[in-house]
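S.K.: Please read through the structure below; I'll follow up with questions.
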Amino acid sequence: MASNLPDLLRVYYQRLFPYNEYYRWLSYGNGNLFSRREFSFTVEDDVYIRFQAFKNLNQLMTEMKRLNPHKIDIGAIYNVPPTEHKYDTKFFPVEKELVFDIDMTDYDEVRTCCSGADICGKCWKYMAIACKVIDSSLREDFGFNHILWVFSGRRGVHCWVCDKRARKLNASARSAVAEYLQLIRGGAYAKKKVMLRHKTHYSIERAIGIIKSVFIPMCVIEQNMLGTEENITKFLEIIHTEEEVRGEVRNLLNKHSTSEKRWEAFQDYYNKQLQSSSKKWRSRHLIEEIMIQYSYPRLDIHVSKALNHLLKSPYCVHPKTTKVCVPFNPKTVDNFDPHSVPTIQTLINEVDAYDAKELARQKEESVNVRKIRDYKKTAMNKSLHIFLEFLRNLEDSNRDEKIIQNDTQMEF
């Protein structure tokens with residue numbers, strides 16, 4: 001954490017935070033909805049302030065500039081403003097985006113390049129797969145269109161599904177969606193965490209298609225899935241429960257020197273066993289189950305299920321890395337580099353450099369300095385373009401929906 005974080009945050013909230021776009025998103029064209037939205041702020045010395053609510057954009061701006069929160073979390077829209085929760089006995093959430101939280105630490109049992117809070121380019125490929133699998137399922141299986149993907153600022157990603165239909169889902173419906181997407185099951189002590197039925201669902205087939213294209217270069221080679229004795233032992237615990245079978249496979253793998261050659265040898269061996277109708281292999285989808293266990297999205301589904309759960313806000317600053325939680329395009333997730341995400345110090349330096357250059361140009365050419373919003377002078381501008389495109393599509397959809405409603409009412 002930067003020692004001068006409070007000073008940096010003061011400048012960030014004064015000059016760089018995209019308040020107008022933020023309000024456009026969270027109000028959905030309805031100020032009454034916004035006024036009943038819960039925010040929580042974590043301020044200096046880790047003081048946590050929950051059940052914050054703001055009547056309008058100006059009040060939000062004033063409070064954020066006054067408190068300079070180290071962290072911002074967004075909650076549900078309630079039946080009454082959250083600031084009144086102590087005085088209203090019937091206080092309950094009525095609407096909230098369907099959200100997903102994917103954290104790199106949940107991959108520690110399968111990644112070998114890093115662990116804990118660390119992340120590298122190899123790690124990010126897990127996030128890229130998660131984004132592709134979840135995004136395609138939400139769009140193709142559930143028909144959602146307005147999905148915002150955000151880098152968490154350190155080691156994970158957040159997904160906000162903002163269609164009205166998604167925001168209106170009750171807890172049981174959210175649980176159903178989350179469970180549908182949850183293929184990795186079992187706690188820390190479960191060795192084999194994926195069991196596919198004899199006939200796999202088309203959504204699983206689609207996910208396997210996404211994974212297959214990168215499984216060997218990513219998991220087998222880069223993560224060295226079968227490259228060490230420790231990794232082989234983990235692999236054997238997944239594929240079979242009988243020690244005799246595991247010993248047979250271990251001997252087979254040890255005849256080869258690289259992870260890639262060992263994977264090829266196992267696949268050949270397993271396929272021959274199936275063709276010979278060997279009863280020692282009960283699963284006819286073992287290869288696919290292995291691929292899923294090593295690379296399928298690992299969701300914290302409790303975040304998705306509960307309406308009263310809060311999630312870190314886009315464009316807040318991660319207090320440890322001081323990086324901004326920026327939106328990214330799921331279509332180009334492979335090209336997203338978490339290490340290139342700007343810190344607030346970088347952004348402030350970019351603003352100062354831009355202003356100095358413009359001032360020098362003004363003196364040299366005797367022209368007025370162009371007045372543009374500060375974020376447009378920085379690397380944050382790219383993420384704002386992504387956010388604005390998301391907003392335009394969302395607002396167009398809301399506008400079309402209102403037109404249809406008006407036409408329907410006129411018919412009566």
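Going through the structure tokens in order, the chains are called A, B, and so on, while each chain numbers its residues from 1 and the ligands are numbered from 1 in the order shown.
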Skip Pro319 (chain A) itself and residues of its chain fewer than 4 positions away, then list as a VMD selection string all residues within 12 Å of it, counting only C-alpha atoms.

M.R.: chain A and resid 1 to 6 8 to 9 42 to 46 68 to 72 152 to 154 312 323 to 325 343 to 344

S.K.: Run DSSP on the backbone and tell me which residues of region 40-86 of chain A come out as alpha helix (DSSP H); list them as a PyMOL selection string.

M.R.: chain A and resi 57-67

S.K.: I need the residues from that last selection saved to file as a PDB file, in the first residue's frame (with N, CA, C and O atoms), if you can.

M.R.:
ATOM      1  N   LEU A  57     -26.890  12.301  -7.703  1.00  0.00           N
ATOM      2  CA  LEU A  57     -25.489  12.316  -8.108  1.00  0.00           C
ATOM      3  C   LEU A  57     -24.670  13.309  -7.292  1.00  0.00           C
ATOM      4  O   LEU A  57     -23.559  12.990  -6.852  1.00  0.00           O
ATOM      5  N   ASN A  58     -25.202  14.488  -7.051  1.00  0.00           N
ATOM      6  CA  ASN A  58     -24.446  15.511  -6.318  1.00  0.00           C
ATOM      7  C   ASN A  58     -24.117  15.069  -4.895  1.00  0.00           C
ATOM      8  O   ASN A  58     -23.010  15.310  -4.400  1.00  0.00           O
ATOM      9  N   GLN A  59     -25.060  14.409  -4.253  1.00  0.00           N
ATOM     10  CA  GLN A  59     -24.802  13.937  -2.896  1.00  0.00           C
ATOM     11  C   GLN A  59     -23.748  12.836  -2.900  1.00  0.00           C
ATOM     12  O   GLN A  59     -22.874  12.794  -2.020  1.00  0.00           O
ATOM     13  N   LEU A  60     -23.793  11.959  -3.895  1.00  0.00           N
ATOM     14  CA  LEU A  60     -22.774  10.914  -4.025  1.00  0.00           C
ATOM     15  C   LEU A  60     -21.391  11.544  -4.186  1.00  0.00           C
ATOM     16  O   LEU A  60     -20.433  11.158  -3.497  1.00  0.00           O
ATOM     17  N   MET A  61     -21.267  12.503  -5.091  1.00  0.00           N
ATOM     18  CA  MET A  61     -19.990  13.164  -5.336  1.00  0.00           C
ATOM     19  C   MET A  61     -19.469  13.855  -4.079  1.00  0.00           C
ATOM     20  O   MET A  61     -18.290  13.733  -3.726  1.00  0.00           O
ATOM     21  N   THR A  62     -20.359  14.554  -3.396  1.00  0.00           N
ATOM     22  CA  THR A  62     -19.952  15.296  -2.197  1.00  0.00           C
ATOM     23  C   THR A  62     -19.400  14.368  -1.127  1.00  0.00           C
ATOM     24  O   THR A  62     -18.345  14.636  -0.525  1.00  0.00           O
ATOM     25  N   GLU A  63     -20.088  13.259  -0.879  1.00  0.00           N
ATOM     26  CA  GLU A  63     -19.660  12.335   0.167  1.00  0.00           C
ATOM     27  C   GLU A  63     -18.381  11.591  -0.207  1.00  0.00           C
ATOM     28  O   GLU A  63     -17.518  11.364   0.644  1.00  0.00           O
ATOM     29  N   MET A  64     -18.251  11.199  -1.455  1.00  0.00           N
ATOM     30  CA  MET A  64     -17.041  10.494  -1.865  1.00  0.00           C
ATOM     31  C   MET A  64     -15.824  11.413  -1.784  1.00  0.00           C
ATOM     32  O   MET A  64     -14.732  10.987  -1.380  1.00  0.00           O
ATOM     33  N   LYS A  65     -15.999  12.674  -2.145  1.00  0.00           N
ATOM     34  CA  LYS A  65     -14.889  13.635  -2.050  1.00  0.00           C
ATOM     35  C   LYS A  65     -14.573  13.986  -0.597  1.00  0.00           C
ATOM     36  O   LYS A  65     -13.441  14.336  -0.260  1.00  0.00           O
ATOM     37  N   ARG A  66     -15.572  13.880   0.253  1.00  0.00           N
ATOM     38  CA  ARG A  66     -15.349  14.171   1.678  1.00  0.00           C
ATOM     39  C   ARG A  66     -14.670  13.011   2.393  1.00  0.00           C
ATOM     40  O   ARG A  66     -13.729  13.194   3.164  1.00  0.00           O
ATOM     41  N   LEU A  67     -15.131  11.792   2.112  1.00  0.00           N
ATOM     42  CA  LEU A  67     -14.637  10.619   2.837  1.00  0.00           C
ATOM     43  C   LEU A  67     -13.421   9.961   2.192  1.00  0.00           C
ATOM     44  O   LEU A  67     -12.668   9.250   2.856  1.00  0.00           O
TER      45      LEU A  67
END

S.K.: Here is a test: counting only C-alpha atoms, which residue of A:Gln223, A:Thr332, A:Asn349, A:Thr241 is nearest to Cys131 (chain A)?

M.R.: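 Closest residue, counting only C-alpha atoms: A:Thr332.
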
S.K.: Would you mind listing what lies within 10 Å of Val133 (chain A) as a PyMOL selection string, with only C-alpha atoms counted and same-chain residues fewer than 3 positions away left out?

M.R.: chain A and resi 127-130+136-138+181+203-204+206-211+296-297
